[in-house]
Structures are given as C-alpha cells and as structure tokens.
$ cat structure_25.cif   # mmCIF, C-alpha atoms
data_entry
loop_
_atom_site.label_atom_id
_atom_site.label_comp_id
_atom_site.auth_asym_id
_atom_site.auth_seq_id
_atom_site.Cartn_x
_atom_site.Cartn_y
_atom_site.Cartn_z
CA MET A 772 -43.38 69.99 -45.72
CA GLN A 773 -42.00 66.76 -44.29
CA GLU A 774 -39.48 65.18 -46.61
CA LYS A 775 -39.89 61.61 -47.80
CA VAL A 776 -37.42 58.90 -46.90
CA PRO A 777 -36.06 57.42 -50.14
CA GLU A 778 -37.12 53.86 -50.84
CA ALA A 779 -35.72 51.45 -53.41
CA LYS A 780 -38.06 50.83 -56.34
CA ASP A 781 -39.20 47.30 -57.14
CA ASN A 782 -37.83 47.50 -60.69
CA GLN A 783 -34.57 49.17 -59.72
CA MET A 784 -31.58 47.60 -61.45
CA ILE A 785 -28.61 47.29 -59.12
CA SER A 786 -25.32 45.98 -60.37
CA ASP A 787 -23.76 45.18 -57.03
CA GLU A 788 -23.62 41.48 -56.18
CA ALA A 789 -25.18 42.13 -52.77
CA PHE A 790 -28.45 42.93 -54.53
CA THR A 791 -28.38 40.35 -57.31
CA GLY A 792 -28.21 37.51 -54.82
CA SER A 793 -30.91 36.38 -52.44
CA ALA A 794 -32.15 38.42 -49.50
CA LYS A 795 -30.44 35.97 -47.19
CA GLU A 796 -27.06 36.69 -48.80
CA ALA A 797 -27.59 40.45 -48.47
CA VAL A 798 -28.51 40.08 -44.79
CA GLU A 799 -25.47 37.91 -44.16
CA LYS A 800 -23.17 40.41 -45.86
CA LEU A 801 -24.33 43.28 -43.67
CA ARG A 802 -24.28 41.18 -40.50
CA GLU A 803 -20.71 40.05 -41.18
CA ALA A 804 -19.65 43.65 -41.84
CA TYR A 805 -21.20 44.72 -38.54
CA GLN A 806 -19.47 41.95 -36.58
CA ALA A 807 -16.11 42.75 -38.18
CA LEU A 808 -16.48 46.46 -37.42
CA THR A 809 -17.50 45.79 -33.83
CA SER A 810 -14.50 43.50 -33.38
CA GLU A 811 -12.09 46.12 -34.70
CA VAL A 812 -13.51 48.96 -32.61
CA ALA A 813 -13.36 46.70 -29.53
CA LYS A 814 -9.57 46.51 -29.94
CA VAL A 815 -9.41 50.17 -28.94
CA ILE A 816 -12.65 50.85 -27.05
CA VAL A 817 -13.50 48.79 -23.96
CA GLY A 818 -17.23 48.19 -23.42
CA GLN A 819 -19.81 50.70 -24.74
CA THR A 820 -21.34 47.94 -26.91
CA ALA A 821 -24.79 49.58 -26.94
CA VAL A 822 -23.29 52.91 -28.01
CA ILE A 823 -21.30 51.26 -30.80
CA GLU A 824 -24.39 49.41 -32.03
CA GLU A 825 -26.41 52.64 -32.13
CA LEU A 826 -23.61 54.35 -34.08
CA MET A 827 -23.58 51.48 -36.59
CA ILE A 828 -27.36 51.57 -36.98
CA ALA A 829 -27.29 55.31 -37.68
CA LEU A 830 -24.40 54.90 -40.13
CA PHE A 831 -26.23 52.27 -42.20
CA CYS A 832 -29.39 54.45 -42.14
CA ARG A 833 -27.58 57.56 -43.40
CA GLY A 834 -28.36 59.23 -40.08
CA HIS A 835 -26.40 61.53 -37.76
CA CYS A 836 -25.73 61.07 -34.04
CA LEU A 837 -25.49 63.35 -31.02
CA LEU A 838 -23.40 61.75 -28.27
CA VAL A 839 -24.01 63.07 -24.77
CA GLY A 840 -21.68 62.14 -21.93
CA VAL A 841 -19.33 63.54 -19.33
CA PRO A 842 -15.67 64.13 -20.25
CA GLY A 843 -13.28 61.19 -20.32
CA LEU A 844 -15.61 58.51 -21.66
CA ALA A 845 -13.73 58.11 -24.98
CA LYS A 846 -16.41 59.69 -27.17
CA THR A 847 -13.84 61.29 -29.48
CA LEU A 848 -11.62 58.19 -29.51
CA MET A 849 -14.62 56.02 -30.36
CA ILE A 850 -15.49 58.17 -33.38
CA ARG A 851 -11.89 58.36 -34.56
CA THR A 852 -11.51 54.58 -34.29
CA LEU A 853 -14.72 54.02 -36.23
CA ALA A 854 -13.47 56.31 -38.99
CA ARG A 855 -10.21 54.36 -39.24
CA ALA A 856 -12.02 51.03 -39.44
CA LEU A 857 -14.21 52.42 -42.23
CA ASP A 858 -11.40 53.94 -44.32
CA LEU A 859 -13.25 57.25 -44.54
CA VAL A 860 -12.06 60.85 -44.64
CA PHE A 861 -12.34 62.09 -41.07
CA LYS A 862 -12.28 65.70 -39.85
CA ARG A 863 -12.66 67.03 -36.34
CA ILE A 864 -14.08 70.49 -35.64
CA GLN A 865 -13.56 71.81 -32.13
CA PHE A 866 -16.54 74.08 -31.52
CA THR A 867 -15.64 77.26 -29.59
CA PRO A 868 -17.46 80.58 -29.00
CA ASP A 869 -15.40 82.34 -31.68
CA LEU A 870 -15.91 79.70 -34.40
CA MET A 871 -17.42 81.16 -37.59
CA PRO A 872 -19.67 79.45 -40.19
CA ALA A 873 -16.93 79.79 -42.83
CA ASP A 874 -14.62 77.80 -40.55
CA ILE A 875 -16.96 74.85 -41.12
CA THR A 876 -18.20 75.17 -44.70
CA GLY A 877 -15.23 76.95 -46.29
CA THR A 878 -14.60 80.36 -47.79
CA ASP A 879 -13.58 82.13 -51.02
CA ILE A 880 -9.95 83.21 -51.28
CA ILE A 881 -8.19 85.28 -53.94
CA GLN A 882 -5.82 83.20 -56.03
CA GLU A 883 -3.52 84.43 -58.79
CA ASP A 884 -2.99 82.45 -61.98
CA PRO A 885 0.82 81.91 -62.31
CA GLU A 886 0.66 82.22 -66.11
CA THR A 887 -1.85 85.01 -66.78
CA HIS A 888 -1.37 86.74 -63.39
CA GLN A 889 -5.12 87.22 -63.26
CA ARG A 890 -6.72 87.06 -59.86
CA LYS A 891 -9.95 85.27 -59.14
CA PHE A 892 -11.91 83.92 -56.20
CA VAL A 893 -11.45 80.23 -55.49
CA PHE A 894 -13.56 78.32 -52.97
CA LEU A 895 -11.45 76.70 -50.27
CA LYS A 896 -13.44 73.78 -48.87
CA GLY A 897 -13.87 73.54 -45.12
CA PRO A 898 -13.72 70.47 -42.86
CA VAL A 899 -17.40 69.63 -43.55
CA PHE A 900 -16.19 68.24 -46.89
CA SER A 901 -15.33 64.83 -45.50
CA ASN A 902 -17.10 61.53 -44.85
CA ILE A 903 -17.19 61.64 -41.05
CA VAL A 904 -17.35 65.01 -39.29
CA LEU A 905 -16.80 65.14 -35.55
CA ALA A 906 -18.48 68.26 -34.17
CA ASP A 907 -16.80 68.28 -30.76
CA GLU A 908 -18.77 70.08 -28.01
CA ILE A 909 -21.25 71.46 -30.51
CA ASN A 910 -23.13 73.43 -27.86
CA ARG A 911 -20.14 75.70 -27.17
CA THR A 912 -20.56 77.75 -30.34
CA PRO A 913 -23.29 80.35 -31.12
CA PRO A 914 -26.47 79.39 -33.04
CA LYS A 915 -25.28 81.05 -36.28
CA THR A 916 -22.33 78.69 -36.45
CA GLN A 917 -24.38 75.68 -35.32
CA ALA A 918 -26.79 76.41 -38.18
CA ALA A 919 -23.94 76.11 -40.70
CA LEU A 920 -24.23 72.35 -40.30
CA LEU A 921 -27.99 72.24 -40.98
CA GLU A 922 -27.90 72.25 -44.78
CA ALA A 923 -25.00 69.80 -44.87
CA MET A 924 -26.75 67.37 -42.50
CA GLN A 925 -30.12 67.50 -44.24
CA GLU A 926 -29.29 68.00 -47.92
CA HIS A 927 -25.72 66.64 -48.05
CA GLN A 928 -24.65 69.83 -49.79
CA VAL A 929 -23.16 73.25 -49.02
CA THR A 930 -24.16 76.59 -50.55
CA ALA A 931 -21.41 79.23 -50.58
CA SER A 932 -21.40 82.52 -52.52
CA GLY A 933 -24.45 81.39 -54.47
CA ARG A 934 -22.81 78.16 -55.65
CA LEU A 935 -23.84 74.63 -54.70
CA TYR A 936 -21.26 72.04 -53.64
CA LYS A 937 -22.27 68.40 -53.19
CA LEU A 938 -20.72 66.43 -50.33
CA ASP A 939 -19.13 63.05 -50.91
CA GLU A 940 -21.06 59.98 -49.80
CA PRO A 941 -21.27 58.57 -47.24
CA PHE A 942 -21.63 61.67 -45.07
CA PHE A 943 -22.01 61.23 -41.35
CA VAL A 944 -22.04 63.91 -38.61
CA LEU A 945 -21.20 62.85 -35.07
CA ALA A 946 -21.58 65.62 -32.53
CA THR A 947 -20.60 65.46 -28.87
CA GLN A 948 -22.09 67.38 -25.99
CA ASN A 949 -21.09 67.68 -22.35
CA PRO A 950 -24.13 67.53 -19.99
CA ILE A 951 -22.22 69.41 -17.26
CA GLU A 952 -20.46 72.78 -17.27
CA GLN A 953 -23.34 74.53 -19.03
CA GLU A 954 -21.99 78.05 -18.41
CA GLY A 955 -21.24 79.80 -21.67
CA THR A 956 -22.97 77.18 -23.81
CA TYR A 957 -25.67 77.55 -26.46
CA PRO A 958 -28.28 74.74 -26.29
CA LEU A 959 -29.12 73.29 -29.68
CA PRO A 960 -32.54 74.46 -30.93
CA GLU A 961 -35.21 71.82 -31.51
CA ALA A 962 -34.97 72.27 -35.31
CA GLN A 963 -31.33 71.26 -35.27
CA LEU A 964 -31.78 68.50 -32.69
CA ASP A 965 -34.39 66.95 -34.97
CA ARG A 966 -31.74 66.55 -37.68
CA PHE A 967 -29.96 63.98 -35.54
CA MET A 968 -31.33 60.48 -35.96
CA PHE A 969 -30.09 59.35 -32.53
CA ASN A 970 -29.36 61.04 -29.23
CA VAL A 971 -26.90 58.54 -27.73
CA ASN A 972 -26.22 58.47 -24.00
CA VAL A 973 -22.60 57.57 -23.22
CA ASP A 974 -22.51 56.33 -19.63
CA TYR A 975 -19.74 55.38 -17.21
CA PRO A 976 -18.12 51.96 -17.75
CA SER A 977 -18.67 49.10 -15.32
CA GLU A 978 -16.06 48.35 -12.66
CA GLU A 979 -14.60 45.47 -14.71
CA GLU A 980 -14.50 47.57 -17.88
CA GLU A 981 -12.84 50.48 -16.09
CA LEU A 982 -10.18 48.16 -14.69
CA GLU A 983 -9.48 46.86 -18.20
CA ILE A 984 -9.31 50.43 -19.51
CA VAL A 985 -6.72 51.40 -16.92
CA GLN A 986 -4.67 48.25 -17.52
CA THR A 987 -4.58 48.67 -21.31
CA THR A 988 -4.04 52.43 -21.50
CA THR A 989 -1.20 52.78 -18.97
CA THR A 990 1.30 50.65 -20.89
CA SER A 991 3.28 51.09 -24.10
CA PHE A 992 0.85 48.92 -26.05
CA GLU A 993 -1.07 50.92 -28.67
CA PRO A 994 -3.96 48.99 -30.27
CA ALA A 995 -5.00 49.99 -33.78
CA ALA A 996 -8.07 49.12 -35.81
CA LYS A 997 -7.60 47.86 -39.36
CA VAL A 998 -9.76 48.89 -42.31
CA ILE A 999 -12.93 46.80 -42.75
CA LEU A 1000 -15.15 48.74 -45.16
CA SER A 1001 -14.68 51.43 -47.79
CA GLY A 1002 -17.04 54.28 -48.57
CA THR A 1003 -18.42 52.38 -51.56
CA ASP A 1004 -19.14 49.35 -49.36
CA ILE A 1005 -21.05 51.50 -46.87
CA VAL A 1006 -23.24 53.07 -49.57
CA GLU A 1007 -24.09 49.58 -50.86
CA LEU A 1008 -24.95 48.37 -47.36
CA GLN A 1009 -27.13 51.44 -46.81
CA ARG A 1010 -29.15 50.42 -49.85
CA ILE A 1011 -29.62 46.94 -48.38
CA VAL A 1012 -31.18 48.52 -45.28
CA LEU A 1013 -33.63 50.54 -47.40
CA ARG A 1014 -34.77 47.35 -49.13
CA THR A 1015 -35.48 45.55 -45.85
CA PRO A 1016 -39.23 44.71 -45.57
CA VAL A 1017 -41.36 45.92 -42.68
CA PRO A 1018 -44.73 44.27 -41.77
CA GLU A 1019 -47.77 46.50 -41.54
CA HIS A 1020 -48.17 45.94 -37.80
CA VAL A 1021 -44.59 47.20 -37.19
CA TYR A 1022 -45.36 50.40 -39.09
CA LYS A 1023 -48.46 50.86 -36.94
CA TYR A 1024 -46.56 50.21 -33.72
CA ALA A 1025 -43.87 52.78 -34.58
CA LEU A 1026 -46.57 55.28 -35.51
CA LYS A 1027 -48.40 54.66 -32.23
CA LEU A 1028 -45.23 55.21 -30.20
CA ALA A 1029 -44.42 58.51 -31.89
CA ARG A 1030 -47.98 59.87 -31.82
CA SER A 1031 -48.39 58.91 -28.15
CA THR A 1032 -45.70 61.45 -27.22
CA ARG A 1033 -47.88 64.36 -28.41
CA PRO A 1034 -50.18 66.09 -25.89
CA GLY A 1035 -53.71 66.64 -27.16
CA THR A 1036 -53.68 63.63 -29.50
CA ASP A 1037 -56.44 61.02 -29.20
CA GLY A 1038 -55.36 58.17 -26.95
CA THR A 1039 -52.38 60.02 -25.45
CA PRO A 1040 -51.58 58.68 -21.95
CA ASP A 1041 -52.33 60.91 -18.97
CA TYR A 1042 -48.65 61.22 -18.01
CA ILE A 1043 -47.88 62.69 -21.45
CA GLU A 1044 -50.55 65.35 -20.93
CA ALA A 1045 -49.10 66.12 -17.50
CA TRP A 1046 -45.37 66.17 -18.32
CA VAL A 1047 -44.86 66.93 -22.02
CA SER A 1048 -45.12 70.28 -23.83
CA TRP A 1049 -44.24 69.02 -27.32
CA GLY A 1050 -43.93 65.50 -28.66
CA ALA A 1051 -42.03 63.84 -31.49
CA GLY A 1052 -42.85 64.75 -35.10
CA PRO A 1053 -43.18 62.55 -38.20
CA ARG A 1054 -39.41 62.35 -38.62
CA ALA A 1055 -39.32 60.30 -35.41
CA THR A 1056 -41.59 57.67 -36.98
CA GLN A 1057 -39.36 57.56 -40.06
CA TYR A 1058 -36.28 57.00 -37.94
CA LEU A 1059 -38.00 54.37 -35.78
CA ILE A 1060 -38.67 52.35 -38.92
CA LEU A 1061 -35.26 52.93 -40.49
CA GLY A 1062 -33.51 52.09 -37.21
CA ALA A 1063 -35.63 48.94 -36.85
CA LYS A 1064 -34.67 47.88 -40.37
CA ALA A 1065 -30.96 48.33 -39.72
CA ARG A 1066 -31.06 46.62 -36.32
CA ALA A 1067 -32.90 43.63 -37.75
CA ILE A 1068 -30.26 43.17 -40.46
CA LEU A 1069 -27.36 43.64 -38.02
CA HIS A 1070 -28.84 40.85 -35.91
CA GLY A 1071 -29.22 38.54 -38.90
CA ARG A 1072 -32.97 38.90 -39.50
CA PRO A 1073 -34.31 39.83 -42.97
CA CYS A 1074 -37.41 41.57 -41.57
CA ALA A 1075 -37.94 44.29 -38.94
CA LEU A 1076 -39.94 43.39 -35.82
CA ASN A 1077 -41.58 45.30 -32.99
CA GLU A 1078 -38.63 44.48 -30.74
CA ASP A 1079 -36.38 46.39 -33.12
CA VAL A 1080 -38.62 49.44 -32.88
CA ARG A 1081 -38.54 49.21 -29.09
CA ALA A 1082 -34.75 48.93 -29.06
CA VAL A 1083 -34.22 52.12 -31.08
CA ALA A 1084 -37.04 54.09 -29.42
CA PRO A 1085 -34.92 55.69 -26.62
CA PRO A 1086 -32.20 57.23 -28.85
CA VAL A 1087 -34.79 58.29 -31.45
CA LEU A 1088 -37.28 59.89 -29.04
CA ARG A 1089 -35.27 61.31 -26.13
CA HIS A 1090 -34.29 64.53 -27.93
CA ARG A 1091 -37.70 64.95 -29.60
CA ILE A 1092 -39.76 65.11 -26.40
CA VAL A 1093 -39.91 68.53 -24.72
CA THR A 1094 -40.88 68.25 -21.06
CA ASN A 1095 -42.66 71.00 -19.13
CA PHE A 1096 -42.16 72.55 -15.71
CA ASN A 1097 -44.24 69.88 -14.00
CA ALA A 1098 -41.88 67.15 -15.19
CA GLU A 1099 -38.79 69.13 -14.22
CA SER A 1100 -40.14 69.85 -10.74
CA GLU A 1101 -40.87 66.14 -10.22
CA GLY A 1102 -37.49 65.03 -11.58
CA ILE A 1103 -39.00 63.33 -14.64
CA ASP A 1104 -36.80 63.17 -17.74
CA GLN A 1105 -37.37 61.98 -21.30
CA ASP A 1106 -35.93 58.52 -20.69
CA HIS A 1107 -38.39 57.89 -17.87
CA ILE A 1108 -41.28 58.91 -20.11
CA ILE A 1109 -40.06 56.64 -22.94
CA GLN A 1110 -39.83 53.68 -20.57
CA LEU A 1111 -43.41 54.32 -19.47
CA LEU A 1112 -44.51 54.37 -23.10
CA LEU A 1113 -42.76 51.07 -23.82
CA LYS A 1114 -44.46 49.53 -20.79
CA SER A 1115 -47.96 50.77 -21.49
CA ILE A 1116 -48.42 50.80 -25.27
CA PRO A 1117 -49.38 47.38 -26.64
CA ALA A 1118 -47.84 46.12 -29.86
CA ALA A 1119 -50.08 46.32 -32.92
CA ASN A 1120 -50.08 42.57 -33.55
CA GLY A 1121 -50.92 41.59 -30.00
CA GLU A 1122 -47.36 41.17 -28.69
CA LYS A 1123 -46.92 42.04 -25.05
CA PRO A 1124 -45.21 45.37 -24.31
CA ILE A 1125 -41.52 45.14 -23.53
CA LYS A 1126 -40.58 44.54 -19.90
CA VAL A 1127 -38.43 47.36 -18.49
#
$ encode --input "structure_25.cif" --output "structure tokens"
Amino acid sequence: MQEKVPEAKDNQMISDEAFTGSAKEAVEKLREAYQALTSEVAKVIVGQTAVIEELMIALFCRGHCLLVGVPGLAKTLMIRTLARALDLVFKRIQFTPDLMPADITGTDIIQEDPETHQRKFVFLKGPVFSNIVLADEINRTPPKTQAALLEAMQEHQVTASGRLYKLDEPFFVLATQNPIEQEGTYPLPEAQLDRFMFNVNVDYPSEEEELEIVQTTTTSFEPAAKVILSGTDIVELQRIVLRTPVPEHVYKYALKLARSTRPGTDGTPDYIEAWVSWGAGPRATQYLILGAKARAILHGRPCALNEDVRAVAPPVLRHRIVTNFNAESEGIDQDHIIQLLLKSIPAANGEKPIKV
C-alpha cells in the first residue's frame, strides 16, 4: 500500500512563531534561511548552484538524495559543508564489499555492570544514528547491506534484536555513486532507488569555476562555513513547506507528468511506449508536489506553480524511469525522455510547456 504524505491539519495548534504569523512571514523566514545557507556553502564550494538548491529542497521536504558524479567533483565536501552549516550530527559511511548491516545500524555487545558484575547485552548504536548520513559509494556494497538503510530511510527507525529505536529528527541520507568503474559494484534495486526523493546529477564545473577552484584550493587559505540553522529550526521549516498551498491545476499537472511515464496508460506518448519498460509510481507524484512546494518557498512565493513542478521533474523522475533495450541501442537516456515530456505535455491550466 502506498503511504500517505503527512499534511498539516487546519486546526493544528503550533507554538512556533513561524506559524503564528502570516503566511508571508513564514515564506520570508524560509527564504532567508535558504539564502544564508547557500551563501555559507558557497564559501567552500565553487559553483554547483543547481545541485545545492536540489539538496536544500530535499532537506526541507524530509527527503533523501542520491548524488551521481565522477570522482573529484566535491560531492563529499559539499555534504560535509552542508552539515556544518546546519549544526547537525554528521556521519560518513564508506561502503565497501565487506561492509555488514550491523556496521550501519549497530550491534549488541556484552557489557558488565561494575557494581553487580552481571553481564548483559547493550545495543551499541551505529553511524545511522545521526542527522545527516553520507553513504559514500553506496553501490560498492552487497544488496544485504544496502537494504540495512531501507527501514531507516522510510520509517526513520531501526529494528535490532526485536527492539525498535527511533532516529533523531531531522534525518537525511545523502548517498553518492560513481557512474564509471562499474566492475565489482552492486546496482541499487528499484525498490531502494525509489526511497530517494532526488537523483542529483553532479556535473563538471565550467572553465571559470574550475579556475577559481584551483586558485582557492592550492593556497593556505581554508574557508569554513558557520552555523546557520539548528535541527529544531529545520524541523520547523519542514512544517512550513507542508503547509504551502498547491492549486488544483498544479496537482493535475504533476499527476499527468508522472502517469505519462508509464507504458500502457491512456494518453501515454508514443516514445514512452517505444523506450520505457516501467514508469514512475505514485511516490513520484508525491515528490513532484513536495518539491514544488519547497522550491516555491525558497524562491519567495507562497504558492507552488507549474514551473516549480517542471524544475524538480528531472531529479524526481530520472531514477524512476526504466528504459528498455530499444532506448539503450539508440542512446536514449532518462534525461532525454524527461525533456521530451516537458516539451510535449501541456500544463493543466493552459500554460505553455516549458522550453528546453
């Protein structure tokens, strides 16, 4: 059964001042937090503004991100810098072929009471018990170990030895994956890929950005980001995103985009029937709307629009579309298919499709 995305109730009493004020004040608070975070991260990371925005959107939507890029593009440094600016507990897990599930979730150890000398099992928490978890090169560990993250990502809890342990909020998993050197790797199954809100492409910097990177990283100067938000602040801002209104036509547009990726559905474009084996499920529609809400607020608008849905469509859909042999033989990837969808599917309220 597809889980429901939690929504704030109309009669919900919230003590935080961000909710007792007007909607405009709440929007301004989140927009200012976003600008301050972006400014701090930019002290350490040159460029990658689109990647940083997508990370922020996922963070304020309580989502997780899979970052895909070749080595040396500062994926790990970007995540570490973001954690410092957010004053959150950060743990890095280097995924290797010999990593075990207990190395992630934790394990029971025998501990002796110094007074009674009685021995008992005590649960030693693993690195997943933190606010931001960096799963570095997640595809280099076997499926059994990859699956250890599933419950934590979906339920924000860990079950060990029959006991349930809740994770502290906010909880945010950022996984990295190298698109080259695929020997000895274990591709993530679709069920686990679907747990990630965004699949973020980290591309090469421009010539000007690369020059700045070389100039700033080959000297003794060491930039550092200062703390902008606490964990409590982030949870409050996440609740602002949930309360953001969405017009009916935006819901319909997001639904149309997601359903158009599925072969055999009424109104599916011919190129989907020719190139796609499996399309995006209902969770994609949920994340299109949540991402649109967060993006609207980050850009200072109190209401999500179709343009917000279009902006978050590539990272939401690219890992939820499974192409077939025909697409692979013709060199067609998920991003190309998404761009065709954005060109051809009209907006529900009569807006023109985005130009790409």
$ resolve_selection --input "structure_25.cif" --expression "the PyMOL selection byres ((chain A and resi 1051) around 8)" --output "number ranges by chain"
A: 1029-1030, 1032-1033, 1049-1050, 1052-1055, 1088, 1091-1092
$ closest_atom_pairs --input "structure_25.cif" --of "stretch 1007-1069 of chain A" --to "stretch 800-806 of chain A" --cutoff "10 Å" --atoms "only C-alpha atoms" --output "JSON lines"
{"residue": "A:Glu1007", "atom": "CA", "partner": "A:Leu801", "partner_atom": "CA", "distance": 9.6}
{"residue": "A:Leu1008", "atom": "CA", "partner": "A:Leu801", "partner_atom": "CA", "distance": 6.3}
{"residue": "A:Gln1009", "atom": "CA", "partner": "A:Leu801", "partner_atom": "CA", "distance": 9.2}
{"residue": "A:Ile1011", "atom": "CA", "partner": "A:Leu801", "partner_atom": "CA", "distance": 8.0}
{"residue": "A:Val1012", "atom": "CA", "partner": "A:Leu801", "partner_atom": "CA", "distance": 8.8}
{"residue": "A:Ala1065", "atom": "CA", "partner": "A:Leu801", "partner_atom": "CA", "distance": 9.2}
{"residue": "A:Arg1066", "atom": "CA", "partner": "A:Arg802", "partner_atom": "CA", "distance": 9.6}
{"residue": "A:Ala1067", "atom": "CA", "partner": "A:Arg802", "partner_atom": "CA", "distance": 9.4}
{"residue": "A:Ile1068", "atom": "CA", "partner": "A:Arg802", "partner_atom": "CA", "distance": 6.3}
{"residue": "A:Leu1069", "atom": "CA", "partner": "A:Arg802", "partner_atom": "CA", "distance": 4.7}
$ resolve_selection --input "structure_25.cif" --expression "the PyMOL selection byres ((chain A and resi 1062) around 10)" --output "PyMOL selection string"
chain A and resi 825+827-832+834+968-969+1012+1056-1061+1063-1067+1075+1079-1084+1086-1087
$ write_last_selection --input "structure_25.cif" --atoms "C-alpha atoms" --output "mmCIF file, in the coordinates of the input"
data_model
loop_
_atom_site.group_PDB
_atom_site.id
_atom_site.type_symbol
_atom_site.label_atom_id
_atom_site.label_comp_id
_atom_site.auth_asym_id
_atom_site.auth_seq_id
_atom_site.Cartn_x
_atom_site.Cartn_y
_atom_site.Cartn_z
ATOM 1 C CA GLU A 825 -26.410 52.640 -32.130
ATOM 2 C CA MET A 827 -23.580 51.480 -36.590
ATOM 3 C CA ILE A 828 -27.360 51.570 -36.980
ATOM 4 C CA ALA A 829 -27.290 55.310 -37.680
ATOM 5 C CA LEU A 830 -24.400 54.900 -40.130
ATOM 6 C CA PHE A 831 -26.230 52.270 -42.200
ATOM 7 C CA CYS A 832 -29.390 54.450 -42.140
ATOM 8 C CA GLY A 834 -28.360 59.230 -40.080
ATOM 9 C CA MET A 968 -31.330 60.480 -35.960
ATOM 10 C CA PHE A 969 -30.090 59.350 -32.530
ATOM 11 C CA VAL A 1012 -31.180 48.520 -45.280
ATOM 12 C CA THR A 1056 -41.590 57.670 -36.980
ATOM 13 C CA GLN A 1057 -39.360 57.560 -40.060
ATOM 14 C CA TYR A 1058 -36.280 57.000 -37.940
ATOM 15 C CA LEU A 1059 -38.000 54.370 -35.780
ATOM 16 C CA ILE A 1060 -38.670 52.350 -38.920
ATOM 17 C CA LEU A 1061 -35.260 52.930 -40.490
ATOM 18 C CA ALA A 1063 -35.630 48.940 -36.850
ATOM 19 C CA LYS A 1064 -34.670 47.880 -40.370
ATOM 20 C CA ALA A 1065 -30.960 48.330 -39.720
ATOM 21 C CA ARG A 1066 -31.060 46.620 -36.320
ATOM 22 C CA ALA A 1067 -32.900 43.630 -37.750
ATOM 23 C CA ALA A 1075 -37.940 44.290 -38.940
ATOM 24 C CA ASP A 1079 -36.380 46.390 -33.120
ATOM 25 C CA VAL A 1080 -38.620 49.440 -32.880
ATOM 26 C CA ARG A 1081 -38.540 49.210 -29.090
ATOM 27 C CA ALA A 1082 -34.750 48.930 -29.060
ATOM 28 C CA VAL A 1083 -34.220 52.120 -31.080
ATOM 29 C CA ALA A 1084 -37.040 54.090 -29.420
ATOM 30 C CA PRO A 1086 -32.200 57.230 -28.850
ATOM 31 C CA VAL A 1087 -34.790 58.290 -31.450
#
$ closest_residue --input "structure_25.cif" --among "A:Ile909, A:Phe866, A:Glu1019, A:Arg833" --to "A:Phe942" --atoms "only C-alpha atoms"
A:Arg833
$ atom_distance --input "structure_25.cif" --atom1 "atom CA of A:Leu838" --atom2 "atom CA of A:Lys1023"
28.7 Å
$ atom_distance --input "structure_25.cif" --atom1 "atom CA of A:Ser901" --atom2 "atom CA of A:Leu859"
7.9 Å
$ axis_aligned_box --input "structure_25.cif" --around "stretch 1060-1071 of chain A" --padding-each-side "5 Å" --output "lines of an AutoDock Vina configuration file"
center_x = -33.0
center_y = 45.7
center_z = -38.2
size_x = 21.3
size_y = 24.4
size_z = 14.6
$ residues_around --input "structure_25.cif" --residues "A:Leu837" --least-positions-apart "3" --cutoff "12 Å" --atoms "only C-alpha atoms" --output "MDAnalysis selection string"
chainID A and resid 822 825:826 829 834 840 846:847 850 904:910 943:950 959 963:973 1086:1087 1089:1090
$ closest_residue --input "structure_25.cif" --among "A:Asp939, A:Lys814, A:Thr988, A:Val798" --to "A:Arg1010" --atoms "all atoms listed in the file"
A:Val798
$ closest_residue --input "structure_25.cif" --among "A:Val841, A:Ala931, A:Leu1076, A:Pro913" --to "A:Ala873" --atoms "all atoms listed in the file"
A:Ala931
$ residues_around --input "structure_25.cif" --residues "A:Glu922" --least-positions-apart "3" --cutoff "12 Å" --atoms "only C-alpha atoms" --output "JSON, numbers by chain"
{"A": [872, 875, 876, 899, 916, 917, 918, 919, 925, 926, 927, 928, 929, 930, 931, 935, 936, 937, 938, 944, 962, 963, 966]}
$ resolve_selection --input "structure_25.cif" --expression "the PyMOL selection byres ((chain A and resi 819) around 10)" --output "number ranges by chain"
A: 813, 816-818, 820-824, 844-846, 849, 973-977, 980
$ closest_residue --input "structure_25.cif" --among "A:His835, A:Arg911, A:Lys795, A:Lys896" --to "A:Thr867" --atoms "only C-alpha atoms"
A:Arg911
$ closest_residue --input "structure_25.cif" --among "A:Asp858, A:Asp869, A:Glu993, A:Asp1037" --to "A:Leu808" --atoms "only C-alpha atoms"
A:Asp858
$ residues_around --input "structure_25.cif" --residues "A:Trp1046" --least-positions-apart "3" --cutoff "8 Å" --atoms "only C-alpha atoms" --output "CSV table (one decimal) with C-alpha atoms, in the coordinates of the input"
chain,number,residue,atom,x,y,z
A,1042,TYR,CA,-48.6,61.2,-18.0
A,1043,ILE,CA,-47.9,62.7,-21.4
A,1094,THR,CA,-40.9,68.2,-21.1
A,1095,ASN,CA,-42.7,71.0,-19.1
A,1096,PHE,CA,-42.2,72.6,-15.7
A,1097,ASN,CA,-44.2,69.9,-14.0
A,1098,ALA,CA,-41.9,67.2,-15.2
A,1103,ILE,CA,-39.0,63.3,-14.6
$ closest_residue --input "structure_25.cif" --among "A:Pro914, A:Pro1117, A:Gly897, A:Pro885" --to "A:Tyr1024" --atoms "all atoms listed in the file"
A:Pro1117
$ atom_distance --input "structure_25.cif" --atom1 "atom CA of A:Gly877" --atom2 "atom CA of A:Leu895"
5.5 Å
